[in-house]
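Report on one structure; see the data block that follows.
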Amino acid sequence: MRLRPLFSLVVVSLAGCEGWLGGTMPSPELPRPPRPQWERPALPALTQNGTDTGLRRLTRFEVERTVQQVFGVTGATASLPRHPAFDGFFSNNMHGQQISLGEVEELLVVADRIAVSAVPRLKLPAGCARDALTAACQATLFAELGRLAWRRPLTPDELARLTASYAASRTSGLTADESLEAVVASLVMSPSFLYRTETTFTPYEVASRLSYAVWASAPDAELLDAARDGVLSTPEGRQAQLERLLAGRSEPLSARAEAEAGTATIGYAQDTWWNLWGEGTLTLRVTLDAPVESVALRVWQEHGGFEDARLELRVDGVKVTEAVVAVLADAPMLVNVPLSLPAGEHAVEVEFLNNYIVGSDDRNLYVDWVELRGHRTEAVADAAIAQFVAEWLGASRVDLATKDASWLLGTSPTLQAELETEFERTVGSIALAPEGRFGDLFGGDFTFVNQSLARHYGLTPPSGTGFVRVPLDGVERRGVLTQGLTIAAHTKESGEFSVVQLGKFVREHVLCQTIPPPPITVDTNFPEGNYPVDWTHRQKFTQHTQGNLSCAGCHAQLNPPGFAFYRLDPLGRARLTDRLGRAFDTTGTLENLDGKPAPFTTVGDMVGQISKSQTARTCFVRSFMAYALGRRASASDAPLDLQLNESFEGSEGNVRALLVAWVKSDAFVTAGPRKQETP
Amino acid sequence: MSILSRFSRRSLLRSAGASLLLAPLLRAEVARAQNTTIRRFITLFHPNGSMYLGAASPQASGSSFTFGSYYQALERHRANTIALTGMRIGGDPYGSQAPDEGGHASGGWGCLTCTSSNDTHNATGPSVDQFIARKLNEQGLAPSARAPVFRVGPSGGGWTNYFEDAGRPVSALISPTQAYGNLFAGFTPGPGSTAVRAAALIARKRSVLDSAWADCKGQLGVLPSEGRAMLDYHCERIRELERSLQAPPPVNTCTPPEAALTAVANLNPSTPANYPALTDFFFKLMTTAFTCDIVRVASFSFGQTAARFNAPWLNPQVLASVNTGESNVNDHHSHTHAGTEQTVGLFMRWYAEKFASLLDLLKEQQPDGTRLMDTTLAHWTTEYGKGPAHDTDGAVMFIFADPSQFRTNRLISYPVTDAEPTSTQGKLEGQRHHAMMVSMIQAMGISGVNQFGAVQGGSGPLAVLSS
């Protein structure tokens, strides 16, 4: 994309909304370094409430993901209250995260719950016994757990505190596991877990800023090691780690089939093994949800004759190896063979090759289990970036369960989860793809549905059970702005379609413009029943809002983008006519899109124009900045603002490029403006 | 001092001689006499205001007052009731600083905090329930500073009525399982428990909090002032919670309401048809938590301010017969704007019946012979007065208490007109409720408090309450 020459864009605060409908207003001056060939469009001044507290509390979303990553526990944090969206937008704003006593109480309950689930999964250091942890074992275990949970090495005092807590529980008569629970709960309950500090930007603070920016979760061991080794002090070092994190989180994954679950041509199964006594072949079907990197099995023999038992291992009918089994039941043998197969179900066969029996001299082959092994790479970053976009667009706050029941009649009980998946998959497929472009986020003529969601939308259900990418018509539906989750977020709790909420959504969320609240003396209820029955909703609403001078200015801005959504119901389903069978009129003009009026005929037309607008792109960057910094941007952030906008424009709206620019920037390792200290 | 309180329970029982049949009654009387100080506090809230001040609301004056058609269910608790009409929530000092949906938000914030809003849509001071809980704990009058808020019904405009402090809203408990866990998790140590084991588990919780507190304090030094203030507040809350764990709860004197939980655990809190059962459960939970002395303060609200409270068990035909101008909506909020005295009354009478049932529970005899009602002060409030224009003057409120603490069985009425407010300041009629709050705070035995909420509300208690 060619860097645009300076042009003037319309302002954003529509203060008062009166006396200004479409004209150009003077752009506020912003402190910024000179840029000869490109200058970002004017936006509201970066001046408000932008101080940096140096303290960032993990959001519920981040707590959940961190707990999953560090302790392998999911679903334990659902009872934590969601942070309020500060300024109506981001829940991670550091000024809106003050904890309350009630939350501390709930955290104590949640910390216990996490601890109970986490302790049985703890990987103990080699040579350590759960019921008799030596001092050395405790030190090793607690130091590593603490490093992962607190995202930095523990001090000797901190380690001593955890050890003392464990010892006190043991002394008081609690079991070893219950005492370990005290340690895990202490880690979770501590501010070092619940908050990130961004003060002097130690290597560990930088590591956390990086991992929470990309994964919305804690640094993994490799990133912590990089912090320890000083790798993150250079922009290039940070970029390399960023690229690694964007590739996903790789975890070992295995799928085991116990022998008794298989079938054999000859032999018999007993307890936990299969005896292939007559040159039988055991077949087991194993499914691994990741590419297979090796196959393993545990076997032993009953010795007979003059040689040991031999086996042939086949996977999907192809011979993998032959092995001699020279061990007895008291020391079974592990056979592990590398191979490369796609994820999915595979048939593993073990054939006993050299049966022998003379009288009581009997050679047998016993199989305990077989296992497919690989690594699962989880696209962790997709969900994290989708969370940002969802918060920006208000979609993260949808809870269909709180909506009026009449609204949900006939819908699937899993609709909320399906809509969330659709949103996440769409954002994920665009935002972090090397070729992904911002314009597709709003203007892409495709979405992701499973069979159930396709039926909900009236689309042709795909084959299979998973979510697949399907094309959209681009007229009524395109991009995330027309998805059910987004629309539900801007619909009344009662389920009523709301022109005002949808209009405000477009103006304030998507375009970063501000619509002032209605005068306090105005009754904001819309008495639809007061107007002639044969009028359409649009006619009634227009009359209601334009008939009052104190309302007309703002509603000229709000109504057209609100009316544009008429043909999508509050759950995103198409509806071409109203209850009386009249076609909805969705035409209108979006005033002040990149400084000029943008007429449109359908919602798809409108969002298509928005997707190409400079205003929306710059709004996206501003919103990203607020989310990344955890606060409103302030005047001193203008250089970063310019740098990010430039990268975004230069990459034709590529979000990866935006992330790279952010991570490599000086601002990434520098504290923001502090509140003036009072003496 | 009551004559009963001059005798010990033992001597009184001895004096009852061989009349064993009288013993339970005497036990109850003695226990009541020994516990006449108010120890517990409840706030009750219903959304969308009082609306109709005529025959629907308390009328006349003195002890011959009538409750009015909306509040008739309270008649059986007349001896414990002070009704107040013409109370002013709105007017100064509310409503001038933030967009507030024409009074819903400021009324919602103001009715329990007596403060105005700030620019983050929050009250600028604590709500009276949280304030009392904190003060009771600070002054050694209660083992816990916790003051849970239970809610049945939707969140309305998203504004809460309850604040721990300025700008610090309290999240309401709406899930029965979550609420039960919040109050009773760890309370009963589980099968095979012993007192030693119970003590060990409590010690473990203390150890966790100790460790968290030490970590918290250790982090303060590196932070700039804003972050330090935020984290220091967190540190103090950890300490506060730890203090409330100092005394192991009296496990032998009460039974957590597990059976009640089982009955409602799978009910969706967002489904209106479940509201009645959930209300009953939360009342049971609240009173059991009092019996177990887990908390001394609790609140219950039907939705939050401006809540569109649907009640499908009410008379749907009557509700549907009124066009509220909003499609498919037959909720309380819509009917306060476009309904009738009759349709609004369906909701109001139901609220009153439920609150009366809570008072019934408070009057049940406890294992030690006492009644919670004897030592509990309850306050029923709402977000504004009458009129679809969200007039925050002219609200109907109630105080419920033992007659030995307040002169009950009366109506205190302040005059208001039918005029609608003409400005954001309201009409400035009726009686500010700041003084009433001070009266209740002082009645709890809290010392050193002579003012509550915004300073414009003045200082001192509401004299008529003690007359």
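Following the order of the structure tokens, first chain is A, next is B, and so on, with residues numbered from 1 inside each chain and ligands from 1 in the order they appear.
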Hey, list the chain A side of the contact with chain B: 6 Å cut-off, only C-alpha atoms, answer as a ChimeraX atom specification. /A:53-55,101,172,186,189-191,401-402,520,527-529
Could you list, with a cut-off of 7 Å and counting only C-alpha atoms, the residues of stretch 274-380 of chain B near stretch 68-75 of chain B, each shown with its nearest atom pair and the distance in Å rounded to one decimal, rows sorted by chain and ascending number, as CSV?
```
residue,atom,partner,partner_atom,distance
B:Gly345,CA,B:Tyr70,CA,5.8
B:Met348,CA,B:Tyr70,CA,5.6
B:Arg349,CA,B:Tyr70,CA,4.8
B:Ala352,CA,B:Tyr71,CA,5.5
B:Glu353,CA,B:Ala73,CA,5.2
B:Ala356,CA,B:Leu74,CA,5.5
```
If you keep all heavy atoms, can you produce a file of those selected residues as an mmCIF file, in the first residue's frame?
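Final output, saved to result.cif:
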```cif
data_model
loop_
_atom_site.group_PDB
_atom_site.id
_atom_site.type_symbol
_atom_site.label_atom_id
_atom_site.label_comp_id
_atom_site.auth_asym_id
_atom_site.auth_seq_id
_atom_site.Cartn_x
_atom_site.Cartn_y
_atom_site.Cartn_z
ATOM 1 N N GLY B 345 -48.627 -3.143 40.494
ATOM 2 C CA GLY B 345 -48.916 -3.774 41.773
ATOM 3 C C GLY B 345 -48.635 -5.263 41.790
ATOM 4 O O GLY B 345 -48.291 -5.830 42.823
ATOM 5 N N MET B 348 -45.050 -5.353 42.714
ATOM 6 C CA MET B 348 -44.773 -4.816 44.042
ATOM 7 C C MET B 348 -45.290 -5.743 45.142
ATOM 8 O O MET B 348 -44.639 -5.938 46.170
ATOM 9 C CB MET B 348 -45.403 -3.428 44.174
ATOM 10 C CG MET B 348 -44.775 -2.370 43.288
ATOM 11 S SD MET B 348 -43.019 -2.111 43.650
ATOM 12 C CE MET B 348 -43.119 -1.497 45.313
ATOM 13 N N ARG B 349 -46.468 -6.268 44.949
ATOM 14 C CA ARG B 349 -47.028 -7.166 45.972
ATOM 15 C C ARG B 349 -46.176 -8.416 46.109
ATOM 16 O O ARG B 349 -45.992 -8.942 47.197
ATOM 17 C CB ARG B 349 -48.481 -7.527 45.634
ATOM 18 C CG ARG B 349 -49.466 -6.472 46.109
ATOM 19 C CD ARG B 349 -50.903 -6.983 46.042
ATOM 20 N NE ARG B 349 -51.348 -7.151 44.665
ATOM 21 C CZ ARG B 349 -51.800 -6.144 43.911
ATOM 22 N NH1 ARG B 349 -51.896 -4.933 44.407
ATOM 23 N NH2 ARG B 349 -52.168 -6.349 42.664
ATOM 24 N N ALA B 352 -43.140 -7.587 48.119
ATOM 25 C CA ALA B 352 -43.493 -7.446 49.533
ATOM 26 C C ALA B 352 -43.712 -8.809 50.185
ATOM 27 O O ALA B 352 -43.300 -9.047 51.321
ATOM 28 C CB ALA B 352 -44.744 -6.587 49.673
ATOM 29 N N GLU B 353 -44.354 -9.703 49.435
ATOM 30 C CA GLU B 353 -44.581 -11.049 49.996
ATOM 31 C C GLU B 353 -43.256 -11.745 50.255
ATOM 32 O O GLU B 353 -43.079 -12.412 51.282
ATOM 33 C CB GLU B 353 -45.420 -11.882 49.019
ATOM 34 C CG GLU B 353 -46.903 -11.550 49.070
ATOM 35 C CD GLU B 353 -47.641 -12.085 47.856
ATOM 36 O OE1 GLU B 353 -47.053 -12.889 47.099
ATOM 37 O OE2 GLU B 353 -48.807 -11.677 47.650
ATOM 38 N N ALA B 356 -41.526 -10.200 53.215
ATOM 39 C CA ALA B 356 -42.219 -10.635 54.433
ATOM 40 C C ALA B 356 -41.806 -12.054 54.801
ATOM 41 O O ALA B 356 -41.649 -12.389 55.984
ATOM 42 C CB ALA B 356 -43.734 -10.556 54.235
#
```
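Considering the residues B:Val318, B:Val128, B:Cys111, B:Ala123 and counting only C-alpha atoms, B:Gln442 has its shortest atom-to-atom contact with B:Val128.
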Could you check which of A:Glu279, A:Glu371, A:Asp112, A:Glu236 is closest to A:Leu297, using only C-alpha atoms?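 Smallest distance to A:Leu297 is found for A:Glu371.
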